[in-house]
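Enquirer: Below you'll find run-v8.cif; it's mmCIF, N, CA and C atoms.
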data_my_file
#
loop_
_atom_site.label_atom_id
_atom_site.label_comp_id
_atom_site.auth_asym_id
_atom_site.auth_seq_id
_atom_site.Cartn_x
_atom_site.Cartn_y
_atom_site.Cartn_z
N LYS A 132 4.65 -2.34 12.38
CA LYS A 132 4.03 -1.37 11.52
C LYS A 132 2.85 -0.70 12.20
N GLY A 133 2.17 -1.39 13.10
CA GLY A 133 0.99 -0.84 13.75
C GLY A 133 1.26 0.37 14.61
N THR A 134 2.49 0.54 15.09
CA THR A 134 2.78 1.65 15.98
C THR A 134 3.57 2.75 15.28
N SER A 135 3.94 2.58 14.03
CA SER A 135 4.71 3.61 13.36
C SER A 135 3.84 4.84 13.12
N SER A 136 4.46 6.00 13.13
CA SER A 136 3.69 7.24 12.99
C SER A 136 3.03 7.35 11.62
N VAL A 137 3.72 6.95 10.53
CA VAL A 137 3.09 7.06 9.21
C VAL A 137 1.94 6.07 9.07
N HIS A 138 2.07 4.91 9.69
CA HIS A 138 0.97 3.94 9.66
C HIS A 138 -0.25 4.51 10.39
N SER A 139 -0.03 5.15 11.52
CA SER A 139 -1.12 5.77 12.28
C SER A 139 -1.77 6.89 11.49
N ILE A 140 -0.98 7.67 10.78
CA ILE A 140 -1.51 8.76 9.95
C ILE A 140 -2.40 8.17 8.85
N LEU A 141 -1.94 7.12 8.20
CA LEU A 141 -2.73 6.47 7.16
C LEU A 141 -4.04 5.92 7.73
N LYS A 142 -3.95 5.25 8.86
CA LYS A 142 -5.15 4.67 9.48
C LYS A 142 -6.16 5.77 9.82
N ARG A 143 -5.69 6.87 10.38
CA ARG A 143 -6.58 7.98 10.73
C ARG A 143 -7.20 8.57 9.46
N HIS A 144 -6.41 8.75 8.41
CA HIS A 144 -6.90 9.30 7.15
C HIS A 144 -7.99 8.41 6.55
N ILE A 145 -7.72 7.11 6.46
CA ILE A 145 -8.71 6.19 5.90
C ILE A 145 -9.99 6.20 6.73
N HIS A 146 -9.83 6.17 8.04
CA HIS A 146 -11.00 6.18 8.91
C HIS A 146 -11.82 7.46 8.73
N ASN A 147 -11.15 8.60 8.67
CA ASN A 147 -11.86 9.87 8.53
C ASN A 147 -12.54 10.01 7.17
N GLU A 148 -11.89 9.55 6.11
CA GLU A 148 -12.44 9.68 4.77
C GLU A 148 -13.58 8.69 4.49
N TYR A 149 -13.47 7.50 5.03
CA TYR A 149 -14.39 6.43 4.64
C TYR A 149 -15.16 5.82 5.80
N HIS A 150 -15.31 6.54 6.91
CA HIS A 150 -15.92 5.94 8.11
C HIS A 150 -17.31 5.37 7.85
N GLU A 151 -18.06 5.92 6.88
CA GLU A 151 -19.39 5.37 6.59
C GLU A 151 -19.32 3.97 6.00
N TRP A 152 -18.18 3.64 5.40
CA TRP A 152 -18.01 2.35 4.72
C TRP A 152 -17.23 1.35 5.56
N LEU A 153 -16.91 1.70 6.78
CA LEU A 153 -16.06 0.84 7.61
C LEU A 153 -16.85 0.21 8.74
N GLN A 154 -16.43 -0.99 9.10
CA GLN A 154 -16.97 -1.64 10.28
C GLN A 154 -15.80 -2.02 11.18
N ARG A 155 -16.02 -1.93 12.46
CA ARG A 155 -14.96 -2.25 13.43
C ARG A 155 -14.71 -3.75 13.45
N SER A 156 -13.44 -4.09 13.55
CA SER A 156 -13.07 -5.50 13.68
C SER A 156 -12.66 -5.83 15.10
N GLY A 157 -12.51 -4.82 15.93
CA GLY A 157 -12.12 -5.02 17.32
C GLY A 157 -12.69 -3.91 18.17
N ASP A 158 -12.60 -4.07 19.48
CA ASP A 158 -13.17 -3.08 20.39
C ASP A 158 -12.19 -1.98 20.79
N SER A 159 -10.91 -2.27 20.69
CA SER A 159 -9.93 -1.31 21.21
C SER A 159 -9.68 -0.18 20.21
N THR A 160 -9.17 0.92 20.72
CA THR A 160 -8.79 2.05 19.89
C THR A 160 -7.32 2.35 20.11
N ASN A 161 -6.69 3.02 19.12
CA ASN A 161 -5.26 3.32 19.25
C ASN A 161 -5.01 4.60 20.03
N ASP A 162 -5.94 5.52 20.01
CA ASP A 162 -5.66 6.81 20.63
C ASP A 162 -6.96 7.46 21.04
N ASP A 163 -6.87 8.71 21.45
CA ASP A 163 -8.05 9.41 21.95
C ASP A 163 -8.98 9.89 20.84
N HIS A 164 -8.68 9.60 19.58
CA HIS A 164 -9.54 10.02 18.47
C HIS A 164 -10.58 8.97 18.15
N ASP A 165 -10.69 7.93 18.96
CA ASP A 165 -11.69 6.88 18.79
C ASP A 165 -11.59 6.17 17.45
N ILE A 166 -10.38 5.94 17.00
CA ILE A 166 -10.16 5.17 15.77
C ILE A 166 -9.88 3.74 16.19
N PRO A 167 -10.69 2.79 15.70
CA PRO A 167 -10.47 1.40 16.09
C PRO A 167 -9.09 0.90 15.65
N SER A 168 -8.54 -0.03 16.40
CA SER A 168 -7.23 -0.57 16.02
C SER A 168 -7.33 -1.39 14.74
N LYS A 169 -8.51 -1.96 14.47
CA LYS A 169 -8.73 -2.72 13.23
C LYS A 169 -10.10 -2.37 12.68
N PHE A 170 -10.19 -2.28 11.37
CA PHE A 170 -11.48 -2.10 10.73
C PHE A 170 -11.40 -2.64 9.31
N SER A 171 -12.55 -2.89 8.71
CA SER A 171 -12.63 -3.37 7.34
C SER A 171 -13.84 -2.74 6.69
N THR A 172 -13.93 -2.85 5.37
CA THR A 172 -15.08 -2.27 4.68
C THR A 172 -16.31 -3.14 4.87
N VAL A 173 -17.46 -2.50 4.83
CA VAL A 173 -18.71 -3.24 4.89
C VAL A 173 -18.90 -3.95 3.55
N PRO A 174 -19.51 -5.12 3.55
CA PRO A 174 -19.79 -5.78 2.27
C PRO A 174 -20.78 -4.94 1.46
N HIS A 175 -20.45 -4.65 0.22
CA HIS A 175 -21.34 -3.85 -0.63
C HIS A 175 -21.03 -4.15 -2.08
N ILE A 176 -22.05 -4.11 -2.89
CA ILE A 176 -21.90 -4.40 -4.32
C ILE A 176 -20.93 -3.44 -5.01
N CYS A 177 -20.81 -2.22 -4.48
CA CYS A 177 -19.89 -1.23 -5.05
C CYS A 177 -18.44 -1.72 -5.06
N PHE A 178 -18.10 -2.61 -4.14
CA PHE A 178 -16.73 -3.09 -4.03
C PHE A 178 -16.48 -4.36 -4.85
N GLY A 179 -17.50 -4.88 -5.51
CA GLY A 179 -17.38 -6.14 -6.24
C GLY A 179 -16.30 -6.13 -7.30
N PHE A 180 -16.22 -5.06 -8.07
CA PHE A 180 -15.20 -4.97 -9.13
C PHE A 180 -13.80 -5.10 -8.54
N TYR A 181 -13.55 -4.37 -7.45
CA TYR A 181 -12.22 -4.39 -6.84
C TYR A 181 -11.93 -5.73 -6.17
N ALA A 182 -12.93 -6.33 -5.58
CA ALA A 182 -12.74 -7.66 -4.99
C ALA A 182 -12.34 -8.65 -6.08
N ASP A 183 -12.99 -8.56 -7.23
CA ASP A 183 -12.65 -9.45 -8.35
C ASP A 183 -11.24 -9.20 -8.86
N GLN A 184 -10.76 -7.96 -8.77
CA GLN A 184 -9.41 -7.63 -9.23
C GLN A 184 -8.34 -8.09 -8.26
N PHE A 185 -8.56 -7.85 -6.96
CA PHE A 185 -7.55 -8.14 -5.95
C PHE A 185 -7.64 -9.55 -5.37
N GLN A 186 -8.76 -10.24 -5.62
CA GLN A 186 -8.92 -11.61 -5.16
C GLN A 186 -9.68 -12.41 -6.22
N PRO A 187 -9.08 -12.56 -7.41
CA PRO A 187 -9.80 -13.18 -8.53
C PRO A 187 -10.20 -14.63 -8.28
N THR A 188 -9.43 -15.35 -7.51
CA THR A 188 -9.74 -16.76 -7.22
C THR A 188 -9.98 -16.97 -5.73
N GLY A 189 -10.30 -15.88 -5.04
CA GLY A 189 -10.49 -15.97 -3.59
C GLY A 189 -9.19 -15.80 -2.82
N ARG A 190 -8.08 -15.69 -3.53
CA ARG A 190 -6.77 -15.46 -2.90
C ARG A 190 -6.24 -14.12 -3.35
N GLN A 191 -5.54 -13.45 -2.46
CA GLN A 191 -4.97 -12.14 -2.76
C GLN A 191 -4.04 -12.22 -3.96
N ALA A 192 -4.14 -11.23 -4.86
CA ALA A 192 -3.29 -11.18 -6.05
C ALA A 192 -3.05 -9.72 -6.45
N ILE A 193 -1.99 -9.49 -7.20
CA ILE A 193 -1.75 -8.18 -7.79
C ILE A 193 -2.62 -8.12 -9.05
N PRO A 194 -3.50 -7.13 -9.16
CA PRO A 194 -4.42 -7.08 -10.30
C PRO A 194 -3.72 -6.89 -11.64
N ASN A 195 -4.36 -7.40 -12.67
CA ASN A 195 -3.85 -7.18 -14.03
C ASN A 195 -3.86 -5.71 -14.39
N LEU A 196 -4.74 -4.94 -13.79
CA LEU A 196 -4.87 -3.51 -14.08
C LEU A 196 -4.02 -2.63 -13.16
N ILE A 197 -3.07 -3.22 -12.46
CA ILE A 197 -2.29 -2.47 -11.47
C ILE A 197 -1.60 -1.25 -12.09
N HIS A 198 -1.21 -1.35 -13.35
CA HIS A 198 -0.53 -0.23 -14.00
C HIS A 198 -1.40 1.03 -14.06
N ARG A 199 -2.72 0.87 -14.00
CA ARG A 199 -3.63 2.02 -14.03
C ARG A 199 -3.80 2.66 -12.66
N TRP A 200 -3.48 1.96 -11.61
CA TRP A 200 -3.81 2.41 -10.27
C TRP A 200 -2.62 2.86 -9.44
N LEU A 201 -1.41 2.75 -9.95
CA LEU A 201 -0.24 3.12 -9.15
C LEU A 201 0.07 4.61 -9.25
N SER A 202 -0.82 5.42 -8.71
CA SER A 202 -0.62 6.87 -8.67
C SER A 202 0.34 7.20 -7.53
N PRO A 203 0.86 8.42 -7.50
CA PRO A 203 1.70 8.82 -6.37
C PRO A 203 0.97 8.66 -5.03
N ARG A 204 -0.33 8.94 -4.98
CA ARG A 204 -1.09 8.77 -3.73
C ARG A 204 -1.13 7.31 -3.31
N VAL A 205 -1.38 6.43 -4.25
CA VAL A 205 -1.42 4.99 -3.94
C VAL A 205 -0.06 4.51 -3.46
N LEU A 206 1.00 4.98 -4.10
CA LEU A 206 2.35 4.61 -3.66
C LEU A 206 2.63 5.13 -2.25
N ALA A 207 2.14 6.33 -1.94
CA ALA A 207 2.31 6.88 -0.59
C ALA A 207 1.56 6.02 0.43
N TYR A 208 0.35 5.61 0.10
CA TYR A 208 -0.42 4.75 1.01
C TYR A 208 0.30 3.42 1.21
N TRP A 209 0.85 2.88 0.14
CA TRP A 209 1.59 1.63 0.23
C TRP A 209 2.78 1.80 1.17
N TYR A 210 3.51 2.90 0.98
CA TYR A 210 4.66 3.16 1.87
C TYR A 210 4.21 3.27 3.32
N MET A 211 3.12 3.98 3.56
CA MET A 211 2.65 4.17 4.94
C MET A 211 2.15 2.87 5.54
N TYR A 212 1.63 1.98 4.72
CA TYR A 212 1.10 0.72 5.24
C TYR A 212 2.17 -0.38 5.33
N GLY A 213 2.93 -0.56 4.26
CA GLY A 213 3.84 -1.70 4.22
C GLY A 213 5.26 -1.35 3.84
N GLY A 214 5.69 -0.17 4.19
CA GLY A 214 7.05 0.22 3.85
C GLY A 214 7.73 0.92 5.01
N TYR A 215 9.00 1.19 4.84
CA TYR A 215 9.73 1.96 5.84
C TYR A 215 11.02 2.49 5.25
N ARG A 216 11.59 3.43 5.96
CA ARG A 216 12.86 4.04 5.57
C ARG A 216 13.95 3.49 6.48
N THR A 217 15.04 3.05 5.89
CA THR A 217 16.14 2.49 6.67
C THR A 217 16.97 3.62 7.28
N SER A 218 17.87 3.26 8.16
CA SER A 218 18.74 4.25 8.79
C SER A 218 19.64 4.93 7.75
N ARG A 219 19.87 4.27 6.61
CA ARG A 219 20.68 4.85 5.53
C ARG A 219 19.86 5.74 4.60
N GLY A 220 18.53 5.77 4.81
CA GLY A 220 17.67 6.60 3.98
C GLY A 220 17.02 5.87 2.82
N ASP A 221 17.34 4.59 2.66
CA ASP A 221 16.71 3.82 1.60
C ASP A 221 15.25 3.54 1.96
N ILE A 222 14.42 3.34 0.97
CA ILE A 222 13.00 3.06 1.19
C ILE A 222 12.71 1.65 0.73
N LEU A 223 12.06 0.87 1.60
CA LEU A 223 11.70 -0.51 1.29
C LEU A 223 10.19 -0.65 1.34
N LEU A 224 9.64 -1.32 0.32
CA LEU A 224 8.21 -1.61 0.27
C LEU A 224 8.01 -3.11 0.27
N LYS A 225 7.12 -3.57 1.12
CA LYS A 225 6.83 -4.99 1.27
C LYS A 225 5.63 -5.36 0.38
N VAL A 226 5.74 -6.52 -0.27
CA VAL A 226 4.62 -7.00 -1.09
C VAL A 226 4.63 -8.53 -1.10
N LYS A 227 3.44 -9.09 -1.06
CA LYS A 227 3.30 -10.54 -1.17
C LYS A 227 2.59 -10.84 -2.47
N GLY A 228 2.98 -11.92 -3.10
CA GLY A 228 2.34 -12.31 -4.34
C GLY A 228 3.14 -13.40 -5.03
N SER A 229 2.59 -13.88 -6.11
CA SER A 229 3.29 -14.89 -6.91
C SER A 229 4.38 -14.20 -7.74
N ARG A 230 5.22 -14.98 -8.34
CA ARG A 230 6.26 -14.41 -9.22
C ARG A 230 5.61 -13.61 -10.36
N ASP A 231 4.52 -14.15 -10.93
CA ASP A 231 3.82 -13.43 -12.00
C ASP A 231 3.28 -12.09 -11.49
N ASP A 232 2.73 -12.09 -10.27
CA ASP A 232 2.23 -10.85 -9.67
C ASP A 232 3.35 -9.82 -9.54
N ILE A 233 4.48 -10.28 -9.04
CA ILE A 233 5.60 -9.36 -8.81
C ILE A 233 6.14 -8.84 -10.14
N GLU A 234 6.22 -9.70 -11.14
CA GLU A 234 6.68 -9.25 -12.47
C GLU A 234 5.75 -8.19 -13.03
N ARG A 235 4.44 -8.37 -12.85
CA ARG A 235 3.46 -7.40 -13.33
C ARG A 235 3.63 -6.07 -12.58
N LEU A 236 3.86 -6.14 -11.29
CA LEU A 236 4.06 -4.95 -10.48
C LEU A 236 5.35 -4.22 -10.87
N VAL A 237 6.43 -4.97 -11.03
CA VAL A 237 7.71 -4.38 -11.43
C VAL A 237 7.58 -3.68 -12.77
N LYS A 238 6.92 -4.31 -13.71
CA LYS A 238 6.73 -3.71 -15.04
C LYS A 238 5.95 -2.40 -14.92
N ALA A 239 4.89 -2.39 -14.11
CA ALA A 239 4.09 -1.17 -13.93
C ALA A 239 4.90 -0.05 -13.29
N LEU A 240 5.74 -0.38 -12.31
CA LEU A 240 6.56 0.64 -11.65
C LEU A 240 7.66 1.15 -12.59
N LYS A 241 8.23 0.27 -13.39
CA LYS A 241 9.26 0.68 -14.34
C LYS A 241 8.68 1.63 -15.38
N LEU A 242 7.41 1.43 -15.76
CA LEU A 242 6.75 2.34 -16.70
C LEU A 242 6.64 3.75 -16.13
N LYS A 243 6.69 3.86 -14.82
CA LYS A 243 6.64 5.16 -14.15
C LYS A 243 8.05 5.71 -13.91
N SER A 244 9.04 5.09 -14.54
CA SER A 244 10.44 5.51 -14.45
C SER A 244 10.99 5.43 -13.03
N LEU A 245 10.49 4.48 -12.26
CA LEU A 245 11.02 4.26 -10.91
C LEU A 245 12.08 3.17 -10.98
N ASP A 246 13.20 3.41 -10.30
CA ASP A 246 14.31 2.46 -10.31
C ASP A 246 14.47 1.88 -8.91
N PHE A 247 14.51 0.56 -8.82
CA PHE A 247 14.55 -0.13 -7.54
C PHE A 247 15.09 -1.53 -7.75
N ARG A 248 15.34 -2.21 -6.64
CA ARG A 248 15.77 -3.61 -6.66
C ARG A 248 14.71 -4.45 -5.99
N VAL A 249 14.62 -5.71 -6.40
CA VAL A 249 13.65 -6.63 -5.81
C VAL A 249 14.42 -7.75 -5.12
N LYS A 250 14.06 -8.01 -3.87
CA LYS A 250 14.64 -9.12 -3.10
C LYS A 250 13.49 -9.97 -2.57
N GLN A 251 13.72 -11.27 -2.52
CA GLN A 251 12.71 -12.16 -1.98
C GLN A 251 13.23 -12.77 -0.69
N LYS A 252 12.36 -12.78 0.33
CA LYS A 252 12.65 -13.46 1.59
C LYS A 252 11.44 -14.32 1.90
N GLY A 253 11.56 -15.59 1.64
CA GLY A 253 10.42 -16.48 1.83
C GLY A 253 9.32 -16.15 0.85
N ARG A 254 8.10 -15.92 1.37
CA ARG A 254 6.97 -15.58 0.52
C ARG A 254 6.78 -14.08 0.36
N VAL A 255 7.71 -13.30 0.91
CA VAL A 255 7.61 -11.85 0.87
C VAL A 255 8.67 -11.30 -0.08
N PHE A 256 8.25 -10.31 -0.86
CA PHE A 256 9.17 -9.59 -1.73
C PHE A 256 9.35 -8.18 -1.18
N TRP A 257 10.54 -7.66 -1.32
CA TRP A 257 10.85 -6.30 -0.90
C TRP A 257 11.33 -5.52 -2.11
N LEU A 258 10.74 -4.35 -2.33
CA LEU A 258 11.22 -3.45 -3.37
C LEU A 258 12.07 -2.41 -2.68
N GLY A 259 13.30 -2.28 -3.09
CA GLY A 259 14.23 -1.36 -2.45
C GLY A 259 14.58 -0.19 -3.34
N PHE A 260 14.23 1.01 -2.89
CA PHE A 260 14.62 2.24 -3.56
C PHE A 260 15.86 2.74 -2.82
N LEU A 261 17.00 2.60 -3.47
CA LEU A 261 18.28 2.82 -2.80
C LEU A 261 18.94 4.12 -3.25
N GLY A 262 19.63 4.76 -2.32
CA GLY A 262 20.40 5.97 -2.64
C GLY A 262 19.54 7.06 -3.25
N SER A 263 19.98 7.59 -4.40
CA SER A 263 19.25 8.69 -5.04
C SER A 263 17.87 8.25 -5.52
N ASN A 264 17.68 6.95 -5.75
CA ASN A 264 16.37 6.46 -6.14
C ASN A 264 15.35 6.61 -5.01
N SER A 265 15.82 6.51 -3.76
CA SER A 265 14.91 6.73 -2.63
C SER A 265 14.50 8.20 -2.56
N THR A 266 15.40 9.10 -2.90
CA THR A 266 15.08 10.53 -2.92
C THR A 266 14.01 10.81 -3.97
N CYS A 267 14.17 10.23 -5.15
CA CYS A 267 13.17 10.42 -6.22
C CYS A 267 11.82 9.86 -5.80
N PHE A 268 11.82 8.67 -5.20
CA PHE A 268 10.57 8.07 -4.75
C PHE A 268 9.92 8.94 -3.67
N TRP A 269 10.72 9.43 -2.72
CA TRP A 269 10.19 10.26 -1.64
C TRP A 269 9.57 11.54 -2.18
N ARG A 270 10.22 12.18 -3.14
CA ARG A 270 9.66 13.40 -3.74
C ARG A 270 8.31 13.13 -4.39
N LEU A 271 8.16 11.96 -4.96
CA LEU A 271 6.90 11.58 -5.61
C LEU A 271 5.77 11.41 -4.61
N ILE A 272 6.06 10.78 -3.47
CA ILE A 272 4.99 10.42 -2.52
C ILE A 272 4.80 11.43 -1.39
N GLU A 273 5.81 12.25 -1.12
CA GLU A 273 5.76 13.13 0.05
C GLU A 273 4.51 14.01 0.14
N PRO A 274 3.99 14.56 -0.95
CA PRO A 274 2.80 15.40 -0.81
C PRO A 274 1.58 14.67 -0.23
N TYR A 275 1.59 13.35 -0.25
CA TYR A 275 0.44 12.56 0.20
C TYR A 275 0.64 11.94 1.57
N ILE A 276 1.76 12.24 2.20
CA ILE A 276 2.05 11.65 3.51
C ILE A 276 1.71 12.65 4.60
#
Could you spell out this file's structure in structure tokens?
Expert:
Amino acid sequence: KGTSSVHSILKRHIHNEYHEWLQRSGDSTNDDHDIPSKFSTVPHICFGFYADQFQPTGRQAIPNLIHRWLSPRVLAYWYMYGGYRTSRGDILLKVKGSRDDIERLVKALKLKSLDFRVKQKGRVFWLGFLGSNSTCFWRLIEPYI
């Protein structure tokens, strides 16, 4: 994922938009634009609410409020970070979480009239937008890619 073009576009976008809030996690850069290969947000009280939502017990979780935050832009960022398009044109999104987390996420996506399949491989879940459903998903996120 680190070398894919959409992942690089997302990384550049996040770095350009939020560079004041980012700290480098490594010394190397990916390209001539001086974007570090890894970065994270600086600790700040402004992020406390989101930290409590995404890591309520100190472990990563799908927030209870996820249904409020799954905008087309957020879905595009998710695709650029943890998704890909297969050679058949299907779109797969990777997500980690508990069964309860995944059920909450599936319910939120279904409320947006998105149709997909869920497969589990070990501790990772894959959401698959297949056939015409991948076309619908792509039309939703394409303006943000």
Enquirer: For Arg190 in chain A, which residue among A:Cys177, A:Trp209, A:Ser229, A:Ser171 is the nearest when counting only C-alpha atoms?
Expert: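 Checking each of A:Cys177, A:Trp209, A:Ser229, A:Ser171 against Arg190 in chain A, counting only C-alpha atoms, the winner is A:Ser229.
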Enquirer: Please, which residues of range 176-230 of chain A, numbered as in this document, come out alpha helix (DSSP H) from DSSP, as a compact mmCIF listing (two decimals) with N, CA and C atoms, keeping the file's coordinate frame?
Expert:
# COMPACT_ATOMS: atom_id res chain seq x y z
N GLY A 179 -17.50 -4.88 -5.51
CA GLY A 179 -17.38 -6.14 -6.24
C GLY A 179 -16.30 -6.13 -7.30
N PHE A 180 -16.22 -5.06 -8.07
CA PHE A 180 -15.20 -4.97 -9.13
C PHE A 180 -13.80 -5.10 -8.54
N TYR A 181 -13.55 -4.37 -7.45
CA TYR A 181 -12.22 -4.39 -6.84
C TYR A 181 -11.93 -5.73 -6.17
N ALA A 182 -12.93 -6.33 -5.58
CA ALA A 182 -12.74 -7.66 -4.99
C ALA A 182 -12.34 -8.65 -6.08
N ASP A 183 -12.99 -8.56 -7.23
CA ASP A 183 -12.65 -9.45 -8.35
C ASP A 183 -11.24 -9.20 -8.86
N GLN A 184 -10.76 -7.96 -8.77
CA GLN A 184 -9.41 -7.63 -9.23
C GLN A 184 -8.34 -8.09 -8.26
N PHE A 185 -8.56 -7.85 -6.96
CA PHE A 185 -7.55 -8.14 -5.95
C PHE A 185 -7.64 -9.55 -5.37
N ILE A 197 -3.07 -3.22 -12.46
CA ILE A 197 -2.29 -2.47 -11.47
C ILE A 197 -1.60 -1.25 -12.09
N HIS A 198 -1.21 -1.35 -13.35
CA HIS A 198 -0.53 -0.23 -14.00
C HIS A 198 -1.40 1.03 -14.06
N ARG A 199 -2.72 0.87 -14.00
CA ARG A 199 -3.63 2.02 -14.03
C ARG A 199 -3.80 2.66 -12.66
N TRP A 200 -3.48 1.96 -11.61
CA TRP A 200 -3.81 2.41 -10.27
C TRP A 200 -2.62 2.86 -9.44
N PRO A 203 0.86 8.42 -7.50
CA PRO A 203 1.70 8.82 -6.37
C PRO A 203 0.97 8.66 -5.03
N ARG A 204 -0.33 8.94 -4.98
CA ARG A 204 -1.09 8.77 -3.73
C ARG A 204 -1.13 7.31 -3.31
N VAL A 205 -1.38 6.43 -4.25
CA VAL A 205 -1.42 4.99 -3.94
C VAL A 205 -0.06 4.51 -3.46
N LEU A 206 1.00 4.98 -4.10
CA LEU A 206 2.35 4.61 -3.66
C LEU A 206 2.63 5.13 -2.25
N ALA A 207 2.14 6.33 -1.94
CA ALA A 207 2.31 6.88 -0.59
C ALA A 207 1.56 6.02 0.43
N TYR A 208 0.35 5.61 0.10
CA TYR A 208 -0.42 4.75 1.01
C TYR A 208 0.30 3.42 1.21
N TRP A 209 0.85 2.88 0.14
CA TRP A 209 1.59 1.63 0.23
C TRP A 209 2.78 1.80 1.17
N TYR A 210 3.51 2.90 0.98
CA TYR A 210 4.66 3.16 1.87
C TYR A 210 4.21 3.27 3.32
N MET A 211 3.12 3.98 3.56
CA MET A 211 2.65 4.17 4.94
C MET A 211 2.15 2.87 5.54
N TYR A 212 1.63 1.98 4.72
CA TYR A 212 1.10 0.72 5.24
C TYR A 212 2.17 -0.38 5.33
N GLY A 213 2.93 -0.56 4.26
CA GLY A 213 3.84 -1.70 4.22
C GLY A 213 5.26 -1.35 3.84
N ARG A 230 5.22 -14.98 -8.34
CA ARG A 230 6.26 -14.41 -9.22
C ARG A 230 5.61 -13.61 -10.36
Enquirer: For the provided coordinates, the residues matched by the PyMOL selection byres (((chain A and resi 237 and name CA) around 12) and name CA) should be stated as a short mmCIF file (atom, residue, chain, number, x, y, z; two decimals) with N, CA and C atoms, in the coordinates of the input.
Expert:
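Once written, selection.cif looks like this:
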data_model
loop_
_atom_site.label_atom_id
_atom_site.label_comp_id
_atom_site.auth_asym_id
_atom_site.auth_seq_id
_atom_site.Cartn_x
_atom_site.Cartn_y
_atom_site.Cartn_z
N ILE A 193 -1.99 -9.49 -7.20
CA ILE A 193 -1.75 -8.18 -7.79
C ILE A 193 -2.62 -8.12 -9.05
N ILE A 197 -3.07 -3.22 -12.46
CA ILE A 197 -2.29 -2.47 -11.47
C ILE A 197 -1.60 -1.25 -12.09
N HIS A 198 -1.21 -1.35 -13.35
CA HIS A 198 -0.53 -0.23 -14.00
C HIS A 198 -1.40 1.03 -14.06
N LEU A 201 -1.41 2.75 -9.95
CA LEU A 201 -0.24 3.12 -9.15
C LEU A 201 0.07 4.61 -9.25
N VAL A 226 5.74 -6.52 -0.27
CA VAL A 226 4.62 -7.00 -1.09
C VAL A 226 4.63 -8.53 -1.10
N GLY A 228 2.98 -11.92 -3.10
CA GLY A 228 2.34 -12.31 -4.34
C GLY A 228 3.14 -13.40 -5.03
N ARG A 230 5.22 -14.98 -8.34
CA ARG A 230 6.26 -14.41 -9.22
C ARG A 230 5.61 -13.61 -10.36
N ASP A 231 4.52 -14.15 -10.93
CA ASP A 231 3.82 -13.43 -12.00
C ASP A 231 3.28 -12.09 -11.49
N ASP A 232 2.73 -12.09 -10.27
CA ASP A 232 2.23 -10.85 -9.67
C ASP A 232 3.35 -9.82 -9.54
N ILE A 233 4.48 -10.28 -9.04
CA ILE A 233 5.60 -9.36 -8.81
C ILE A 233 6.14 -8.84 -10.14
N GLU A 234 6.22 -9.70 -11.14
CA GLU A 234 6.68 -9.25 -12.47
C GLU A 234 5.75 -8.19 -13.03
N ARG A 235 4.44 -8.37 -12.85
CA ARG A 235 3.46 -7.40 -13.33
C ARG A 235 3.63 -6.07 -12.58
N LEU A 236 3.86 -6.14 -11.29
CA LEU A 236 4.06 -4.95 -10.48
C LEU A 236 5.35 -4.22 -10.87
N LYS A 238 6.92 -4.31 -13.71
CA LYS A 238 6.73 -3.71 -15.04
C LYS A 238 5.95 -2.40 -14.92
N ALA A 239 4.89 -2.39 -14.11
CA ALA A 239 4.09 -1.17 -13.93
C ALA A 239 4.90 -0.05 -13.29
N LEU A 240 5.74 -0.38 -12.31
CA LEU A 240 6.56 0.64 -11.65
C LEU A 240 7.66 1.15 -12.59
N LYS A 241 8.23 0.27 -13.39
CA LYS A 241 9.26 0.68 -14.34
C LYS A 241 8.68 1.63 -15.38
N LEU A 242 7.41 1.43 -15.76
CA LEU A 242 6.75 2.34 -16.70
C LEU A 242 6.64 3.75 -16.13
N LYS A 243 6.69 3.86 -14.82
CA LYS A 243 6.64 5.16 -14.15
C LYS A 243 8.05 5.71 -13.91
N SER A 244 9.04 5.09 -14.54
CA SER A 244 10.44 5.51 -14.45
C SER A 244 10.99 5.43 -13.03
N LEU A 245 10.49 4.48 -12.26
CA LEU A 245 11.02 4.26 -10.91
C LEU A 245 12.08 3.17 -10.98
N ASP A 246 13.20 3.41 -10.30
CA ASP A 246 14.31 2.46 -10.31
C ASP A 246 14.47 1.88 -8.91
N PHE A 247 14.51 0.56 -8.82
CA PHE A 247 14.55 -0.13 -7.54
C PHE A 247 15.09 -1.53 -7.75
N ARG A 248 15.34 -2.21 -6.64
CA ARG A 248 15.77 -3.61 -6.66
C ARG A 248 14.71 -4.45 -5.99
N VAL A 249 14.62 -5.71 -6.40
CA VAL A 249 13.65 -6.63 -5.81
C VAL A 249 14.42 -7.75 -5.12
N LYS A 250 14.06 -8.01 -3.87
CA LYS A 250 14.64 -9.12 -3.10
C LYS A 250 13.49 -9.97 -2.57
N PHE A 256 8.25 -10.31 -0.86
CA PHE A 256 9.17 -9.59 -1.73
C PHE A 256 9.35 -8.18 -1.18
N TRP A 257 10.54 -7.66 -1.32
CA TRP A 257 10.85 -6.30 -0.90
C TRP A 257 11.33 -5.52 -2.11
N LEU A 258 10.74 -4.35 -2.33
CA LEU A 258 11.22 -3.45 -3.37
C LEU A 258 12.07 -2.41 -2.68
N GLY A 259 13.30 -2.28 -3.09
CA GLY A 259 14.23 -1.36 -2.45
C GLY A 259 14.58 -0.19 -3.34
#
Enquirer: Using only C-alpha atoms, which protein or nucleic acid residues come within 10 Å of range 144-157 of chain A? Drop anything in the same chain fewer than 5 positions from it, and give the result as a PyMOL selection string.
Expert: chain A and resi 138-139+165-175+208+276
Enquirer: For range 234-244 of chain A, I'd like the enclosing box, axis-aligned and padded by 3 Å on every side, reported as lines of an AutoDock Vina configuration file with centre and edge lengths in Å to one decimal.
Expert:
center_x = 7.2
center_y = -2.0
center_z = -13.6
size_x = 13.5
size_y = 21.4
size_z = 12.2
Enquirer: List every residue of range 183-254 of chain A that has an atom at most 6 Å from any atom of range 272-275 of chain A, and for each one report the closest atom pair and its distance in Å to one decimal, counting all atoms listed in the file, with rows sorted by chain and then by increasing residue number, as CSV.
Expert:
residue,atom,partner,partner_atom,distance
A:Pro203,C,A:Ile272,CA,5.1
A:Arg204,CA,A:Tyr275,CA,5.7
A:Leu206,C,A:Ile272,CA,5.8
A:Ala207,CA,A:Ile272,CA,4.8
